[in-house]
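Colleague: Pasting model_20.cif below, which is mmCIF, C-alpha atoms.
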```cif
data_coords
loop_
_atom_site.label_atom_id
_atom_site.label_comp_id
_atom_site.auth_asym_id
_atom_site.auth_seq_id
_atom_site.Cartn_x
_atom_site.Cartn_y
_atom_site.Cartn_z
CA MET V 45 -5.61 24.08 1.81
CA VAL V 46 -2.87 21.44 1.67
CA LEU V 47 -5.53 18.73 1.58
CA GLU V 48 -7.28 20.51 -1.30
CA SER V 49 -4.08 20.86 -3.28
CA ARG V 50 -3.24 17.20 -2.71
CA ARG V 51 -6.68 16.19 -3.88
CA ALA V 52 -6.42 18.44 -6.95
CA PHE V 53 -3.05 16.92 -7.79
CA MET V 54 -4.33 13.37 -7.38
CA LEU V 55 -7.38 14.14 -9.53
CA ALA V 56 -5.21 15.71 -12.23
CA THR V 57 -3.03 12.61 -12.34
CA ALA V 58 -6.07 10.31 -12.34
CA ARG V 59 -7.61 12.30 -15.23
CA ALA V 60 -4.32 12.18 -17.13
CA ALA V 61 -4.39 8.41 -16.70
CA GLY V 62 -7.89 8.34 -18.21
CA VAL V 63 -9.97 7.87 -15.04
CA ALA V 64 -13.55 9.09 -15.46
CA GLY V 65 -17.11 8.36 -14.32
CA PRO V 66 -18.13 7.34 -10.81
CA ALA V 67 -14.58 6.44 -9.77
CA LEU V 68 -13.38 9.97 -10.52
CA GLY V 69 -16.41 11.39 -8.69
CA LEU V 70 -15.58 9.20 -5.72
CA LEU V 71 -11.95 10.37 -5.74
CA ALA V 72 -13.14 13.98 -6.02
CA GLY V 73 -15.52 13.49 -3.11
CA THR V 74 -18.44 14.63 -5.25
CA GLU V 75 -20.05 11.21 -5.51
CA ALA V 76 -20.60 8.32 -3.13
CA PRO V 77 -21.47 5.51 -5.49
CA ALA V 78 -23.32 2.54 -4.06
CA ARG V 79 -21.38 -0.65 -3.38
CA THR V 80 -22.51 -2.51 -6.48
CA GLU V 81 -20.90 -4.85 -8.98
CA ALA V 82 -21.04 -2.09 -11.62
CA ASN V 83 -19.21 0.35 -9.37
CA ASP V 84 -16.70 -2.31 -8.34
CA LEU V 85 -15.93 -2.63 -12.04
CA ALA V 86 -15.67 1.16 -12.43
CA ILE V 87 -13.19 1.25 -9.55
CA LEU V 88 -11.21 -1.65 -11.03
CA SER V 89 -11.07 0.12 -14.38
CA ALA V 90 -9.90 3.36 -12.77
CA ALA V 91 -7.15 1.53 -10.90
CA LEU V 92 -6.13 -0.26 -14.09
CA GLN V 93 -5.82 3.04 -15.97
CA ILE V 94 -3.49 4.39 -13.29
CA GLU V 95 -1.41 1.20 -13.61
CA HIS V 96 -1.25 1.61 -17.41
CA HIS V 97 -0.06 5.18 -16.90
CA ALA V 98 2.63 4.13 -14.42
CA ILE V 99 3.89 1.33 -16.70
CA ALA V 100 4.12 3.77 -19.63
CA LEU V 101 5.99 6.34 -17.54
CA TYR V 102 8.50 3.83 -16.17
CA GLY V 103 8.91 2.27 -19.61
CA HIS V 104 9.68 5.65 -21.15
CA GLY V 105 12.12 6.52 -18.39
CA LEU V 106 13.96 3.22 -18.75
CA ARG V 107 14.09 3.32 -22.55
CA ARG V 108 15.42 6.88 -22.62
CA ALA V 109 17.72 6.39 -19.61
CA LEU V 110 15.98 9.20 -17.74
CA PHE V 111 16.36 7.60 -14.30
CA PRO V 112 19.68 8.32 -12.59
CA PRO V 113 21.93 5.30 -13.31
CA GLY V 114 21.99 4.09 -9.71
CA LEU V 115 18.20 3.95 -9.61
CA ARG V 116 17.48 1.89 -12.71
CA ALA V 117 17.16 -1.30 -10.65
CA TYR V 118 14.40 0.26 -8.55
CA ALA V 119 12.68 1.60 -11.68
CA THR V 120 12.81 -1.84 -13.31
CA GLU V 121 11.47 -3.50 -10.16
CA PHE V 122 8.63 -0.99 -9.79
CA ARG V 123 7.65 -1.25 -13.45
CA GLY V 124 7.46 -5.02 -12.93
CA ASP V 125 5.23 -4.49 -9.89
CA HIS V 126 2.90 -2.25 -11.90
CA GLN V 127 2.78 -4.83 -14.69
CA GLY V 128 1.77 -7.39 -12.06
CA HIS V 129 -0.90 -5.02 -10.72
CA ARG V 130 -2.17 -4.50 -14.28
CA ASP V 131 -2.36 -8.24 -14.90
CA THR V 132 -4.17 -8.74 -11.60
CA GLN V 133 -6.74 -6.06 -12.38
CA VAL V 134 -7.26 -7.39 -15.91
CA ALA V 135 -7.74 -10.94 -14.58
CA ILE V 136 -10.31 -9.80 -12.03
CA ILE V 137 -12.21 -7.67 -14.56
CA GLU V 138 -12.29 -10.47 -17.13
CA GLU V 139 -13.25 -13.04 -14.50
CA ARG V 140 -16.31 -10.90 -13.95
CA GLY V 141 -17.19 -11.03 -17.62
CA ALA V 142 -16.26 -7.44 -18.43
CA ALA V 143 -13.72 -5.98 -20.84
CA ALA V 144 -10.63 -4.42 -19.31
CA PRO V 145 -9.71 -0.95 -20.65
CA ALA V 146 -6.52 -0.89 -22.72
CA ALA V 147 -3.70 1.56 -22.15
CA ARG V 148 -4.12 4.96 -23.80
CA ASP V 149 -2.10 5.49 -26.96
CA ASP V 150 -1.53 9.20 -26.37
CA TYR V 151 0.63 9.43 -23.27
CA ASP V 152 2.92 12.37 -23.79
CA PHE V 153 6.22 12.03 -21.96
CA GLU V 154 8.35 13.49 -24.76
CA HIS V 155 9.40 16.53 -22.76
CA ALA V 156 9.94 14.62 -19.53
CA PRO V 157 13.17 15.77 -17.86
CA ALA V 158 16.00 13.43 -16.86
CA GLY V 159 17.52 12.75 -13.46
CA ASP V 160 15.86 13.68 -10.17
CA ALA V 161 13.12 15.56 -12.03
CA PHE V 162 12.07 12.30 -13.68
CA VAL V 163 12.15 10.53 -10.32
CA ARG V 164 9.77 13.24 -9.13
CA LEU V 165 7.37 12.35 -11.99
CA ALA V 166 7.55 8.71 -10.93
CA LEU V 167 6.88 9.76 -7.34
CA GLU V 168 3.82 11.75 -8.45
CA ILE V 169 2.20 8.78 -10.17
CA GLU V 170 2.96 6.60 -7.12
CA ILE V 171 1.38 9.16 -4.80
CA ALA V 172 -1.67 9.34 -7.06
CA ALA V 173 -1.94 5.56 -7.14
CA GLN V 174 -1.57 5.30 -3.37
CA ARG V 175 -4.20 7.98 -2.75
CA ALA V 176 -6.54 6.49 -5.32
CA TYR V 177 -6.35 2.99 -3.82
CA THR V 178 -6.64 4.36 -0.27
CA GLY V 179 -9.65 6.44 -1.24
CA LEU V 180 -11.38 3.68 -3.13
CA ILE V 181 -10.64 0.59 -1.08
CA SER V 182 -13.53 0.90 1.36
CA ARG V 183 -15.96 1.02 -1.58
CA ILE V 184 -14.89 -2.39 -2.85
CA ARG V 185 -17.65 -4.91 -2.38
CA THR V 186 -16.03 -8.25 -3.04
CA ASP V 187 -13.44 -9.99 -0.88
CA ASP V 188 -11.15 -11.11 -3.70
CA TYR V 189 -10.71 -7.64 -5.10
CA LEU V 190 -10.44 -6.08 -1.64
CA LEU V 191 -7.58 -8.43 -0.81
CA SER V 192 -5.67 -7.84 -4.02
CA ALA V 193 -6.20 -4.07 -3.77
CA ALA V 194 -4.74 -4.17 -0.25
CA PHE V 195 -1.56 -5.87 -1.45
CA ILE V 196 -1.30 -3.53 -4.43
CA LEU V 197 -1.60 -0.59 -2.03
CA VAL V 198 1.30 -1.98 0.02
CA ASP V 199 3.45 -2.02 -3.14
CA GLU V 200 2.49 1.56 -4.02
CA VAL V 201 3.52 2.73 -0.54
CA ARG V 202 6.90 1.04 -0.92
CA HIS V 203 7.49 2.70 -4.31
CA MET V 204 6.44 6.06 -2.93
CA THR V 205 8.64 5.76 0.14
CA VAL V 206 11.70 4.76 -1.87
CA TRP V 207 11.35 7.72 -4.26
CA GLN V 208 10.70 10.11 -1.37
CA ARG V 209 13.90 8.95 0.30
CA VAL V 210 15.86 9.24 -2.96
CA LEU V 211 14.66 12.83 -3.29
CA GLY V 212 15.56 13.64 0.31
CA LEU V 213 11.93 14.04 1.39
CA LYS V 214 10.64 13.17 4.84
CA ILE V 215 9.64 9.52 5.16
CA TYR V 216 8.99 9.40 8.92
CA MET M 115 -15.91 -15.95 2.76
CA THR M 116 -13.22 -15.87 0.09
CA SER M 117 -10.21 -17.97 0.96
CA ARG M 118 -7.14 -15.80 0.86
CA ARG M 119 -5.09 -18.76 -0.29
CA ALA M 120 -7.53 -19.44 -3.13
CA VAL M 121 -7.48 -15.83 -4.31
CA LEU M 122 -3.72 -15.67 -4.22
CA GLY M 123 -3.56 -18.99 -6.03
CA THR M 124 -5.31 -17.47 -9.04
CA LEU M 125 -3.09 -14.39 -8.98
CA ILE M 126 0.24 -15.91 -8.16
CA GLY M 127 1.81 -14.74 -11.42
CA ALA M 128 1.68 -11.15 -10.26
CA PRO M 129 5.00 -9.94 -8.79
CA LEU M 130 3.36 -8.20 -5.86
CA LEU M 131 1.91 -11.45 -4.72
CA ALA M 132 5.28 -13.10 -4.43
CA LEU M 133 5.35 -10.98 -1.29
CA ALA M 134 2.12 -12.47 -0.10
CA ALA M 135 2.48 -16.07 -1.20
CA ARG M 136 3.70 -17.46 2.06
CA ALA M 137 2.91 -20.76 3.67
CA ASP M 138 1.19 -19.29 6.71
CA ALA M 139 -1.33 -17.19 4.79
CA ARG M 140 -4.24 -16.44 7.06
CA ASP M 141 -7.98 -16.20 6.57
CA TYR M 142 -9.48 -14.24 9.45
CA ALA M 143 -12.88 -15.30 10.69
CA SER M 144 -13.95 -12.09 12.42
CA ALA M 145 -13.14 -8.43 13.00
CA GLY M 146 -12.23 -9.27 16.60
CA GLU M 147 -9.60 -11.73 15.46
CA VAL M 148 -8.10 -9.18 13.06
CA LEU M 149 -7.94 -6.43 15.68
CA ALA M 150 -6.40 -8.77 18.28
CA GLU M 151 -3.66 -9.83 15.87
CA ILE M 152 -2.92 -6.23 14.94
CA ASP M 153 -2.73 -5.30 18.66
CA ARG M 154 -0.27 -8.13 19.28
CA LEU M 155 2.04 -7.39 16.36
CA GLU M 156 1.96 -3.64 16.89
CA ALA M 157 2.91 -4.01 20.56
CA GLU M 158 5.73 -6.38 19.64
CA LEU M 159 7.08 -4.06 16.97
CA ASP M 160 6.95 -1.04 19.31
CA LEU M 161 8.77 -2.87 22.08
CA ARG M 162 11.47 -4.29 19.83
CA LEU M 163 11.97 -0.93 18.12
CA SER M 164 12.39 0.68 21.56
CA ARG M 165 15.04 -1.91 22.39
CA LEU M 166 16.84 -1.19 19.12
CA ALA M 167 16.66 2.56 19.74
CA ALA M 168 18.20 2.04 23.18
CA THR M 169 21.18 0.34 21.53
CA PHE M 170 21.39 2.46 18.38
CA PRO M 171 20.39 6.07 19.05
CA ALA M 172 20.16 6.68 15.29
CA ALA M 173 17.01 4.52 15.32
CA ALA M 174 15.34 6.63 18.04
CA SER M 175 13.57 9.13 15.79
CA PHE M 176 12.17 6.34 13.62
CA ALA M 177 11.05 4.40 16.72
CA GLY M 178 9.38 7.54 18.08
CA SER M 179 7.60 8.21 14.80
CA VAL M 180 6.34 4.61 14.56
CA ARG M 181 5.17 4.69 18.18
CA ALA M 182 3.25 7.93 17.58
CA ASP M 183 1.53 6.44 14.53
CA HIS M 184 0.66 3.32 16.52
CA GLU M 185 -0.77 5.30 19.42
CA ARG M 186 -3.07 7.06 16.96
CA HIS M 187 -3.98 3.72 15.37
CA ARG M 188 -4.79 2.22 18.80
CA ARG M 189 -7.20 5.06 19.57
CA THR M 190 -8.96 4.54 16.25
CA ARG M 191 -9.17 0.77 16.82
CA ALA M 192 -10.65 1.36 20.26
CA ALA M 193 -13.40 3.44 18.66
CA LEU M 194 -13.90 0.79 15.98
CA ARG M 195 -14.24 -1.89 18.64
CA GLY M 196 -17.06 0.12 20.17
CA ARG M 197 -18.76 0.53 16.81
CA LEU M 198 -18.34 -3.11 15.83
CA ARG M 199 -19.10 -4.36 19.37
CA VAL M 200 -15.85 -6.25 19.63
CA MET M 201 -14.23 -6.91 23.01
CA GLU M 202 -10.57 -6.10 23.55
CA THR M 203 -8.44 -9.12 24.42
CA ALA M 204 -5.60 -9.13 26.94
CA PRO M 205 -2.23 -8.53 25.26
CA LEU M 206 0.22 -11.43 25.12
CA PRO M 207 3.73 -10.91 26.52
CA VAL M 208 6.35 -10.02 23.92
CA PRO M 209 9.09 -12.69 23.66
CA ALA M 210 12.65 -11.67 24.44
CA GLY M 211 15.31 -11.10 21.76
CA GLY M 212 14.76 -10.38 18.09
CA GLY M 213 16.18 -6.86 18.06
CA SER M 214 17.93 -7.09 14.69
CA VAL M 215 16.67 -5.00 11.77
CA ASP M 216 15.71 -8.20 9.97
CA ALA M 217 13.63 -9.37 12.94
CA LEU M 218 11.93 -5.97 13.04
CA ARG M 219 11.30 -6.13 9.31
CA ARG M 220 9.64 -9.54 9.68
CA ILE M 221 7.31 -8.27 12.41
CA ALA M 222 6.55 -5.09 10.46
CA GLN M 223 5.75 -7.28 7.43
CA ASP M 224 3.47 -9.51 9.51
CA LEU M 225 1.70 -6.39 10.77
CA VAL M 226 1.12 -5.19 7.20
CA TYR M 227 -0.13 -8.66 6.22
CA ALA M 228 -2.50 -8.72 9.20
CA HIS M 229 -4.08 -5.49 7.97
CA ALA M 230 -4.25 -6.59 4.32
CA GLU M 231 -5.52 -10.10 5.05
CA GLY M 232 -7.88 -8.80 7.70
CA LEU M 233 -9.76 -6.27 5.57
CA PRO M 234 -12.23 -8.78 4.08
CA ALA M 235 -13.16 -10.04 7.57
CA LEU M 236 -14.19 -6.58 8.79
CA LYS M 237 -17.46 -6.44 6.82
CA ASP M 238 -17.74 -2.72 7.52
CA ALA M 239 -16.74 0.03 5.07
CA GLN M 240 -15.71 2.52 7.76
CA ALA M 241 -13.50 -0.07 9.44
CA VAL M 242 -11.95 -1.00 6.08
CA ASP M 243 -11.20 2.65 5.39
CA ALA M 244 -9.59 3.17 8.80
CA LEU M 245 -7.47 0.02 8.76
CA ALA M 246 -6.41 0.59 5.14
CA ARG M 247 -5.09 4.02 6.17
CA HIS M 248 -3.25 2.43 9.10
CA MET M 249 -1.85 -0.14 6.69
CA VAL M 250 -0.43 2.69 4.57
CA ASP M 251 1.49 3.97 7.61
CA ASP M 252 2.64 0.46 8.49
CA ALA M 253 3.70 -0.26 4.89
CA ARG M 254 5.77 2.92 4.99
CA HIS M 255 7.46 1.76 8.20
CA LEU M 256 8.12 -1.60 6.52
CA ALA M 257 9.62 0.14 3.48
CA VAL M 258 11.98 2.09 5.74
CA LEU M 259 13.13 -1.13 7.43
CA GLN M 260 13.57 -2.79 4.03
CA MET M 261 15.75 0.12 2.93
CA TRP M 262 17.79 -0.21 6.13
CA MET M 263 18.26 -3.87 5.25
CA GLU M 264 19.37 -2.97 1.71
CA THR M 265 21.88 -0.50 3.11
CA GLU M 266 23.08 -2.83 5.88
CA PRO M 267 22.62 -6.35 4.50
CA GLY M 268 23.55 -7.97 7.80
CA GLY M 269 20.98 -5.93 9.73
CA ALA M 270 21.72 -3.80 12.78
#
```
Go ahead and render the structure in this file as structure tokens.

Modeller:
Amino acid sequence: MVLESRRAFMLATARAAGVAGPALGLLAGTEAPARTEANDLAILSAALQIEHHAIALYGHGLRRALFPPGLRAYATEFRGDHQGHRDTQVAIIEERGAAAPAARDDYDFEHAPAGDAFVRLALEIEIAAQRAYTGLISRIRTDDYLLSAAFILVDEVRHMTVWQRVLGLKIY
Amino acid sequence: MTSRRAVLGTLIGAPLLALAARADARDYASAGEVLAEIDRLEAELDLRLSRLAATFPAAASFAGSVRADHERHRRTRAALRGRLRVMETAPLPVPAGGGSVDALRRIAQDLVYAHAEGLPALKDAQAVDALARHMVDDARHLAVLQMWMETEPGGA
């Protein structure tokens, strides 16, 4: 039951970020796409869309001062990490001759709450990113992307752990 | 095989890779080599954390939680060795000293790197999935130690 609700939450966040196609099916457990170049690109695109979503959320929170004042440094650092992840994914996609998906222009964070409630939103996108990368990583076919995805995953775990600690959640 | 150093060279502008751009970056040649390095670093981290917990009881619950995760990881790696037909190597003795939080953080970081850098050498999707999940646990342990460092800049 808990597993199902976690999966549903991760899928909802992935959909909100714009993830679709075989990568969403893989995350949902309804598809097991073959390890092909095309599916590598679908996975890369899905990961990139989650990064776009995270950058937009952090950017909104920083612009509107929605993070508690003592946590702005973390928020700035994590946004920078996500921008690095985005640039990495874009570089890999373009190196393979494909077009990287742009960020959506319809993110709706207007009613996002301030303070700890906003930190919880940031935590949710980090959990979704961590679960997405963990779920997808074994499907990656090429060594270069596998390696960069591993280091991105390490960053996502750090972000997630920091926000969990800030919110008083169990971290070990 | 992709050279880790070459890949990181093309991606060095990304902030996350500042973490990874170290001089002793490692390209693993085989799954056996990856698993042996993980065994070594995990044993060292467990032992040093136990020493820290003996001195600072506040660290005991963290040390116990890390040890429990590592015991589970070891069982999974043993099964993977059987599947991948990799022999277990004899563990090396853990050097004395190095019980500060910063020393622990460095070993925890090396353990995370060993997982990340080792994934391409596994050449087996099930092994990649298992070790990536272990890496998530180890990255969480590393994050806790980093936060300890941020709270206590001089280390324990």

Colleague: Can you tell me how far CA of Asp251 in chain M sits from CA of Asp183 in chain M, in Å to one decimal?

Modeller: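 Going from CA of Asp251 in chain M over to CA of Asp183 in chain M covers 7.3 Å.
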
Colleague: Which one of M:Glu202, M:Glu147, M:Glu264, M:Glu158 sits closest to chain V if you count all atoms listed in the file?

Modeller: M:Glu264

Colleague: Report, in Å with one decimal, the straight-line distance from CA of Arg148 in chain V to CA of Ala82 in chain V.

Modeller: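 CA of Ala82 in chain V lies at a distance of 22.0 Å from CA of Arg148 in chain V.
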
Colleague: Near Ser89 in chain V, within 9 Å and counting only C-alpha atoms, which residues show up once chain neighbours fewer than 6 positions away are dropped, as a ChimeraX atom specification?

Modeller: /V:63,67,133-134,137,144-145

Colleague: I need the chosen residues saved as an mmCIF file, in the coordinates of the input, with C-alpha atoms.

Modeller:
```cif
data_model
loop_
_atom_site.group_PDB
_atom_site.id
_atom_site.type_symbol
_atom_site.label_atom_id
_atom_site.label_comp_id
_atom_site.auth_asym_id
_atom_site.auth_seq_id
_atom_site.Cartn_x
_atom_site.Cartn_y
_atom_site.Cartn_z
ATOM 1 C CA VAL V 63 -9.970 7.870 -15.040
ATOM 2 C CA ALA V 67 -14.580 6.440 -9.770
ATOM 3 C CA GLN V 133 -6.740 -6.060 -12.380
ATOM 4 C CA VAL V 134 -7.260 -7.390 -15.910
ATOM 5 C CA ILE V 137 -12.210 -7.670 -14.560
ATOM 6 C CA ALA V 144 -10.630 -4.420 -19.310
ATOM 7 C CA PRO V 145 -9.710 -0.950 -20.650
#
```

Colleague: So which residues get picked by the PyMOL selection byres ((chain V) within 10 of (chain M)) here, written as a ChimeraX atom specification?

Modeller: /V:79,121-122,124-133,135-136,174-175,177-206,209,215-216

Colleague: Grab the CA of Glu170 in chain V to CA of Asp141 in chain M distance for me, in Å with one decimal place.

Modeller: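 Going from CA of Glu170 in chain V over to CA of Asp141 in chain M, I get 28.8 Å.
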
Colleague: Which residue is closest to Arg162 in chain M? Choose from M:Ala228, M:Leu198, M:Ala210, M:Leu259 and count all atoms listed in the file.

Modeller: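 Of all the options, M:Ala210 lies closest to Arg162 in chain M.
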
Colleague: Report as a compact mmCIF listing (two decimals) with C-alpha atoms, keeping the file's coordinate frame the residues that result from applying the PyMOL selection byres ((chain M and resi 197) around 12) to the structure here.

Modeller:
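Dumped to selection-v3.txt:
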```txt
# COMPACT_ATOMS: atom_id res chain seq x y z
CA ALA M 145 -13.14 -8.43 13.00
CA GLY M 146 -12.23 -9.27 16.60
CA THR M 190 -8.96 4.54 16.25
CA ARG M 191 -9.17 0.77 16.82
CA ALA M 192 -10.65 1.36 20.26
CA ALA M 193 -13.40 3.44 18.66
CA LEU M 194 -13.90 0.79 15.98
CA ARG M 195 -14.24 -1.89 18.64
CA GLY M 196 -17.06 0.12 20.17
CA LEU M 198 -18.34 -3.11 15.83
CA ARG M 199 -19.10 -4.36 19.37
CA VAL M 200 -15.85 -6.25 19.63
CA MET M 201 -14.23 -6.91 23.01
CA LEU M 236 -14.19 -6.58 8.79
CA ASP M 238 -17.74 -2.72 7.52
CA ALA M 239 -16.74 0.03 5.07
CA GLN M 240 -15.71 2.52 7.76
CA ALA M 241 -13.50 -0.07 9.44
```

Colleague: For the structure shown, which residues end up in the PyMOL selection byres ((chain V and resi 76) around 12)? Put them as a ChimeraX atom specification, please?

Modeller: /V:65-75,77-80,83,179-180,182-183

Colleague: Go through V:Gly114, V:Ala56, V:Ala173, V:Ala119 and flag the residue nearest Glu95 in chain V, using only C-alpha atoms for the distances.

Modeller: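 Of the candidates, the smallest distance to Glu95 in chain V is held by V:Ala173.
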
Colleague: Determine, counting all atoms listed in the file, every residue of protein, DNA or RNA that lies within 12 Å of (-4.6, 9.5, -14.1) in the file coordinates, then give the result as a ChimeraX atom specification.

Modeller: /V:52-64,67-68,71,89-98,100-101,147-148,151,168-176

Colleague: Point out the residue among M:Pro209, M:Ala150, M:Arg220, M:Glu156 with the least atom-to-atom distance to Ala182 in chain M, counting all atoms listed in the file.

Modeller: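 Answer, going by the shortest atom-to-atom distance: M:Glu156.
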